[in-house]
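*Asks:* This structure is in C-alpha cells; I'll ask about it shortly.
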Amino acid sequence: MTTTATEKGKILTANRLRDGEVVFLTHSGEWSENIDGAVLATEPQAQAALEARGKGDERVNLVTGTYLFDAERRDGHVFASHIKERIRSLGPTVRVDLGKQAEGKGGHFAALQGV
Amino acid sequence: MYRYDEFDSQFVNDRVSQFRDQANRRLTGELSEDEFRPLRLMNGLYLQLHAYMLRIAVPYGSLDSAKLNTLAYIAEKWDRGYGHFTTRQNLQFNWIKLEDTADILAKLAEVEMHAIQTSGNCIRNVTTDQWAGAAADEIADPRPIGELVRQWSSLHPEFSYLPRKFKIAVTGSPNDRAAVRVHDIGLRLHLNDRGERGWEVLVGGGLGRTPVIAVTVRDFLPEHELIAYLEAIMRVYNLYGRRDNKYKARIKILVHEIGAEKFRAEVETEYARRPHADTKVEERELQRISAYFAAPQFEKLPRWSATFEEARAKNKDFANWVRTNIAAHRADGYAIVNISLKPEGGIPGDATADQMRVVADLAQRYSFDEIRVSHHQNLVLPHVKRDDLFAIWKVLQASELATSNIGLAGDIIACPGLDYCSLATARSIPIAQSISRKFADLNRQHEIGPLRINISGCINACGHHHVAHIGILGLDKKGEEFYQITLGGSSADSASIGTILGPGFAGEDVPEAIEKIVNTYLARRQPGEEFLAAYRRLGPQPFKEALYAAA
Amino acid sequence: MPLLKNGSIIIDDWITLGLDDPKPDSGDIVVPYARLLKEWESLTDHDGRLGVIFTNIDRVEALTLFLPRLALIVLPFPSFTDGRAYSLARQIRETGYGRELRAAGNVLPDQVQFMLQVGFDSFEIGDRFTAEVWLKASRQMSLAYQRGLYRTPGQHDVWSERHREAEPWLEQPHAG
C-alpha cells in the first residue's frame, strides 16, 4: 500500500523479554526489530486492539513493557514522532556504529547525529 | 585491595545461583515482570532503551588488573566492546541479554566482583575518595570502613525494600572528594584530641528533583558504634520514609518534613533502645579488613626525580598533562595519575575493552596493581613512581587516554541521557561532546583553570548538575530537547546547589552559552581567582546579562 | 489460606475476625489492632489464644502492654515492595516476644528468606507456588553478613564462621 498523504497513528512497541531488544508489533502479529514492519493504527479501536494483543504477549512472556507511541507514515515508511522513539528505533545517536541503525534494521530514518 | 575469603566467595556464588534460578523462573513465566523487576534491579540489571543494562559494583571504586581485564572480557563476549564508568564509581554495560546475565555474574564472581545492590530500593554500592590510601592530605584510608559497610549492607534483610534507593559515601580526608554532603548518609572521619577515630554522620543530602545539603546528626561517633548507628538511621527511614510518592521517598524528604531535630531524636531513641551486641564493629574484624588495605611497600625515593624533570622540561604536552592529571602522593617520589576518560568529542566515562586492558597492564607494571574509578568518570593509577610518569604517559597517549584536562572544562560529567536511558528526557552525551569540541584548545582550558561542568539528561540528576560550577539539565518541552543552565554548585567542602540562570536553551545553542559564561568569568576574574570563587563574589547577575541581555 | 511454617505447609486454624464479626466463645482468634484497643477487657478473658493483625503505621511501643497475652502477631505486606514490616518484625522480636510472628498479604517466595531472617516464623502463602518452590527460595543464601539474624537450618553468618577459630580462645580467660 502506498499513500502520498501523511497518515498519523500509533505503533505498539515493547522490549523482547529474553534479550531486551526493542520490537514493534507487525501486521502478522509477530514482533519485528525493524520499525518499518510495524502496524500503524489510526483508529482508537485498532489501537486498543494492538494494546490487547500486546498484553497477551506479555502474559505469555514474549515481551515486556508494551506501550503505544505516536508515529506517522510517509511514502510507505513509518516514523516515530518523538525523539525517544526515534532513538529506540535506531540506536544511540552518539554511536551510529551500534544498534539497529548499524544492523540495517533502522527503518527509513536518517541517523540522528550530534547536536 | 580487599580479597574475598571462602565466605565472601560462597556468598557471591549463592547469589549467582539464586539469580540464575530467578531469571529462569521469569523466562518460563513463573514470575511476573512486576515480581521480577525488584529482583533483577537488586542484581544490577535494568531494562533500558535498547536492551538490558548491567551495572557492576566497583566497591569504593577499587579495581585491580584481574578485575579490569575481566570487565574487558565481558565487554567483548557479552556486550559491544566497551563499558561506561558512572558517577557512582561503577561500570555499566548497555547491551546485555537477560538470558546471559547469570553467566556474566558467574564470570564476575571469579574475580571477586558482583552487581549486588547497584540498583533497587536498597543500600547501594558505597562510594569513597578515589585517591583513598594515596592522597597526601588523608587522615586515614576510608576503604576499610567502606568494605565493612559493603558487607553489612549486602542483602540486609531489614533494609532491602526501603522506600527508595539509599546511597552512602565515606571520606577519610579533610578535603572531601567523595561528595559526602550530597548523599543519603555521608561519613567523614575525624580524630579527637586523644587521636581516636570517630565519624561525623551526615544525613539527608541528595541531588535529584530536590537537591539538599546533608545535616550532621553526630559530630563524632566512636568507630565501634558505626554500624549500630547506621542501623538506627536505616530503621527510622524504613518505617517513616514516605512510600506514597516515589519523588518524595528519599530520606532527605523525611528529614525535611519532620525537621532535622525530630529526625535526630527519632534516631537517638531507636539507637538507645536497641541492643548493640550484634552490630558492634569488632576490632579484630576491622583489623582483618584493614590489613588488605595496608599501604604498598613504597621504595625510599628522593622527592625529586631527574628523569621526570627532564621529560617535563623537554616535552610541553607532557608538562601540560602533569599540571592537570597528576596529584600529590603521600610517599616521596610517587604520584597519583588521573587518567581522563574525556577525550575531545568523546563520550564521558566510556572505555573500550582495549583501553581497559591498557590501563590494567599499566596498573600491574607501575601502580602496585591498583586502579581506581573516580566519581568524575575517570580512572586513577594511585601509586606511581615519578620516574615512570613519562613512560606511562606515552602508553596512555597511544590509546587516547592522555587528555590533559582533569578538573578543566573538558572534564565533563555526563549521564548516559536519552541515548541509552529510559528515564531520560533529553540527550546529555552530545551536549558534552559539543562543549568539549568548543573548548578543544587545551591551552585555553588551562588558561580558564578549574571548571566543573556536569550534565544530566533528566531531573533525577545522575549527572550531578546541581553541584557543578556550570550545571546543565536536559528537559523535554513539547517533544523538543532543551537545556537549563545552573551556576555556582559544588560538591566539595563548601558544598552548594547551583542557581538556575534563566530560560533554557536548545541543544545547539548550549556550547555558545557556556562560552559566554566562561568569557564573563575571564573578563571579571581577579588574579588567581577560580571560576567558583569568582561566581560567589560576583553573583549571577553579570552571567545573566551575558547570556540574555544581547539576545 | 495455607501457611508455611517450620518448613511445611499447614492449615491455618486461627479464626480471623474483622472489626465487627461476632466473637466466638472459644477457639484461637486473631483481631485487628483497632479491635484489640477497643475490646481489650473482654478479649483478654477470651477462652483461647489471642492474636493481633498489626498495622504498618502504628508504633511497636503501642503493643508493649498487650504482648504477654498475645500468641500471634500478623504483620501485613500491602505489597511485597513495602518493607516496613521487616523493621516492625525485628522491633517486636527485640522486645523479647517469642511466639508466632506471621507475614501476611503479598508474600512471595523470593522474599521469604529475608522474612525468616528478621524473625517471621509463619507465612500466608496462597496456592500459587508449590512447597518445593517455597522451600528452595527460603534457603537460597547459605550465608548472611549480618549477625544476630534468625537463621534457617544450614544458614550461617559470615562473622561467626570467619572468627570461629578465634572464639574459643578468647572465651577462656584463664586458659593455660
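Letters for chains follow the order of the C-alpha cells (A, B, ...), residue numbers begin at 1 for each chain, and ligand numbers begin at 1 in the order shown.
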Could you list, as a VMD selection string, every residue of chain C that has an atom within 6 Å of an atom of chain B, counting only C-alpha atoms?
*Replies:* chain C and resid 81 83 to 84 86 to 87 114 140 to 141 143 145 to 148
*Asks:* Restricting it to C-alpha atoms, dump the selection as a PDB file, in the first residue's frame.
*Replies:*
ATOM      1  CA  THR C  81       7.973  -3.993  47.887  1.00  0.00           C
ATOM      2  CA  GLY C  83       9.406  -3.222  53.551  1.00  0.00           C
ATOM      3  CA  ARG C  84       8.123  -1.615  56.748  1.00  0.00           C
ATOM      4  CA  TYR C  86      10.736  -6.114  58.207  1.00  0.00           C
ATOM      5  CA  SER C  87      11.609  -3.388  60.702  1.00  0.00           C
ATOM      6  CA  PHE C 114      14.614 -12.168  54.394  1.00  0.00           C
ATOM      7  CA  GLN C 140      18.919 -19.860  48.592  1.00  0.00           C
ATOM      8  CA  MET C 141      21.564 -17.983  50.528  1.00  0.00           C
ATOM      9  CA  LEU C 143      25.320 -17.165  54.481  1.00  0.00           C
ATOM     10  CA  TYR C 145      26.748 -10.926  56.569  1.00  0.00           C
ATOM     11  CA  GLN C 146      24.676  -9.587  59.448  1.00  0.00           C
ATOM     12  CA  ARG C 147      24.944 -11.048  62.920  1.00  0.00           C
ATOM     13  CA  GLY C 148      22.013 -11.757  65.193  1.00  0.00           C
TER      14      GLY C 148
END
*Asks:* Using backbone DSSP assignments, extract all alpha helix (DSSP H) residues from range 53-278 of chain B; output them as a PyMOL selection string.
*Replies:* chain B and resi 65-78+98-110+143-153+226-240+251-258+260-273
*Asks:* Identify, on the basis of only C-alpha atoms, every residue whose closest approach to Lys23 in chain C does not exceed 12 Å; exclude the query and any residue fewer than 2 positions from it along the same chain; express the result as a ChimeraX atom specification.
*Replies:* /C:15-21,25-31,35,39,42-43,45-48,50
*Asks:* Should the cut-off be 9 Å, what would the residue list for chain A against chain B look like, counting only C-alpha atoms, as an MDAnalysis selection string?
*Replies:* chainID A and resid 15:22 58:62 64:65 81:84 87:95 98:99 113:115
*Asks:* What's the 7 Å shell around range 195-211 of chain B, counting only C-alpha atoms, without same-chain residues fewer than 3 positions away, as number ranges by chain?
*Replies:* B: 181-192, 214-223, 251-252, 255, 459-461, 464, 466, 497
*Asks:* Write out as a PyMOL selection string all residues of range 2-170 of chain C that DSSP puts in strand (DSSP E) for this structure's backbone.
*Replies:* chain C and resi 3-5+8-10+15-16+29-32+50-53+70-77+100-105+122-124+143-144+156-157
